[in-house]
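Accompanying notes for the structure given below.
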Amino acid sequence: MNKKIWSFFMICVLALSTVLAGCGGGSESEDGKKTITVWAMGEEGKKLSKLAEEFEKENTDINVKVQAIPWETAHDKLLTAVASKNGPDVLQLGTTWVPEFADAGALLDLTPYLEDYPDFKPENYFAGSADSMTYDDQVVGIPWYIDTRVLYYRTDLLKEAGYDQAPATWDEMKDAATKLNDRGDDVYGLDIDRNDQITPFIFAWQNGYEFEGKDKMNFDSPEFKEAIEYYTSYFKEGISPTTEGMDIVQAFKDGVKPMFFSGPWMINIINDQAPDLKDKWSVAVMPKKERNTSSMGGANFSIFHNSENVDESLKFISYVNEVDTQMEWLEMSNTLPSRKEAWEEPKLKDDPLLSVFGEQLKSTKASPQIKEFEKIAQEFLSTIERVTVGDADLDKELEQFNKKAQEMVEE
């Protein structure tokens, strides 16, 4: 064999060995330790290495390699991993991504491991989280951190409008928002983010709507229609703005937008950017119609379907989901723990703001567990815009939207 052929042969061998080492994401080092790779997204990915180091101290036979991936590139990177079958051992998924990647066969079914890891069982998590764990009767992810939406409101301005407490029902919210809106020009009663795809569905859930499944879209049901009529009325009556306006924190501070919906991250943002509002604002669970349901968001940990380090990956996920670890992660990242047991900890239970989120978590829903949901939700935002800005007929728009949604799941 001449030198050129030998060199080409060795390059092919090295390339093949690299690919094989990458499959499943892990390998065994010279000291006999197993190495697992973890893909984590956004700021969480940057901070997760600290927990990984603590895990390694307790599990001296395992190395953890954390790769932080920006959210804006994460989806494409995951699609590439699925296509090449060359993914990590453990991957973080936003809850709305779970159905898509589970449907593609990228996520390992964890059901056989629940007896050895009882903390993974759905009953340890809030109902909305438990919904996001499963796909086609398989457990494909374990909730890591969670979030939900609550009502943020200016206590001083609500009191001037005749409300000593936050509005607790749809009727009260509409009445309070109308009175706040009547204070003058260029002020509003309730800010609804028209770019937030989950908010219309929150209103629908509050009105008793239940998604029937992909075999028959029911976005034209009476419960859904009535909820969207209520939702759009805020824009039609000028109570909520239809145009992009000032920063929500500044508008909240100035009293321009005295009520809005948001998640737990907003607490620190308001405290940092509007310290003058101390003792002038609070949070409350969602106002209800039939119920006060909110959305369940956050992220789950899954294991890539062809991981060669399943046992080690399970140990890592188990570690980060221990109550003590979740409380440590709360301090590090200001994200809420997924385990129900963690919400008995004084830091959460006794905090006047965080405890409201704990109460809201008891009434939450995950987005419909179908892979097409994000596409459907984006289409619905366009539908709503035609009603709120273009003055289109709601009945006709909902009828057309329901047909389009059905076509999307049948493609």
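Numbering starts fresh at 1 for the residues of each chain in the structure tokens, the chains themselves are lettered A, B, ... in the order given, and ligands are numbered from 1 as they appear.
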
Where in region 175-410 of chain A does DSSP assign strand (DSSP E or B), given as a VMD selection string? chain A and resid 191 259 to 262 281 to 284 288 294 to 295 297 to 304 336 to 337 339 364 to 365

Would you export the selected residues with C-alpha atoms as a short mmCIF file (atom, residue, chain, number, x, y, z; two decimals), in the first residue's frame, please?
```cif
data_model
loop_
_atom_site.label_atom_id
_atom_site.label_comp_id
_atom_site.auth_asym_id
_atom_site.auth_seq_id
_atom_site.Cartn_x
_atom_site.Cartn_y
_atom_site.Cartn_z
CA ASP A 191 -52.10 45.04 28.51
CA MET A 259 -52.31 45.28 34.64
CA PHE A 260 -50.65 42.63 32.49
CA PHE A 261 -49.93 38.90 32.40
CA SER A 262 -46.43 37.52 32.78
CA TRP A 281 -47.72 46.37 42.97
CA SER A 282 -48.38 42.69 43.45
CA VAL A 283 -49.36 39.51 41.61
CA ALA A 284 -52.51 37.38 41.69
CA LYS A 288 -61.61 32.88 36.25
CA SER A 294 -53.06 29.36 33.22
CA SER A 295 -50.41 27.89 30.96
CA GLY A 297 -44.27 26.31 30.40
CA GLY A 298 -40.66 25.64 31.18
CA ALA A 299 -38.25 22.95 30.05
CA ASN A 300 -37.85 19.19 30.33
CA PHE A 301 -34.82 16.93 30.24
CA SER A 302 -34.96 14.03 27.79
CA ILE A 303 -32.50 11.33 26.77
CA PHE A 304 -31.55 11.04 23.11
CA LEU A 336 -39.20 27.80 39.41
CA PRO A 337 -38.77 24.16 40.54
CA ARG A 339 -41.27 19.15 41.84
CA THR A 364 -52.39 24.88 34.66
CA LYS A 365 -52.40 23.24 31.27
#
```

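Shell of Asp171 (chain A) at 9 Å, with only C-alpha atoms counted and residues fewer than 5 places along the chain excluded, is Ala176, Pro287, Lys288 and Lys289 of chain A.
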
May I have the residues from that selection written out with N, CA and C atoms, as a PDB file, in the first residue's frame?
```pdb
ATOM      1  N   ALA A 176     -62.725  46.326  36.156  1.00  0.00           N
ATOM      2  CA  ALA A 176     -61.553  47.046  36.665  1.00  0.00           C
ATOM      3  C   ALA A 176     -60.758  47.648  35.518  1.00  0.00           C
ATOM      4  N   PRO A 287     -57.741  35.597  36.856  1.00  0.00           N
ATOM      5  CA  PRO A 287     -59.197  35.685  37.032  1.00  0.00           C
ATOM      6  C   PRO A 287     -59.869  34.524  36.304  1.00  0.00           C
ATOM      7  N   LYS A 288     -60.991  34.069  36.820  1.00  0.00           N
ATOM      8  CA  LYS A 288     -61.610  32.875  36.249  1.00  0.00           C
ATOM      9  C   LYS A 288     -62.958  33.170  35.612  1.00  0.00           C
ATOM     10  N   LYS A 289     -63.326  32.299  34.690  1.00  0.00           N
ATOM     11  CA  LYS A 289     -64.693  32.190  34.190  1.00  0.00           C
ATOM     12  C   LYS A 289     -65.230  30.887  34.782  1.00  0.00           C
TER      13      LYS A 289
END
```

Check the DSSP output for the backbone and give back, as a count of residues only, the residues of region 145-356 of chain A in helix (DSSP H, G or I). 94

Neighbour list for Arg194 (chain A) as a list of chain:residue names, cut-off 10 Å, only C-alpha atoms, skip fewer than 2 positions in-chain: A:Asp191, A:Ile192, A:Asp196, A:Gln197, A:Ile198, A:Thr199, A:Pro200, A:Phe235, A:Ser240, A:Pro241, A:Thr242, A:Thr243, A:Glu244, A:Leu381, A:Ser382, A:Ile384, A:Glu385, A:Thr388

Residues near Lys278 (chain A), cut-off 12 Å, only C-alpha atoms, skip fewer than 6 positions along chain, as number ranges by chain: A: 154-156, 253, 267-268, 270-272

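Contact shell of region 116-122 of chain A at 8 Å (only C-alpha atoms; same-chain neighbours under 4 positions omitted): Ala130, Met133, Ile142 and Ser318 of chain A.
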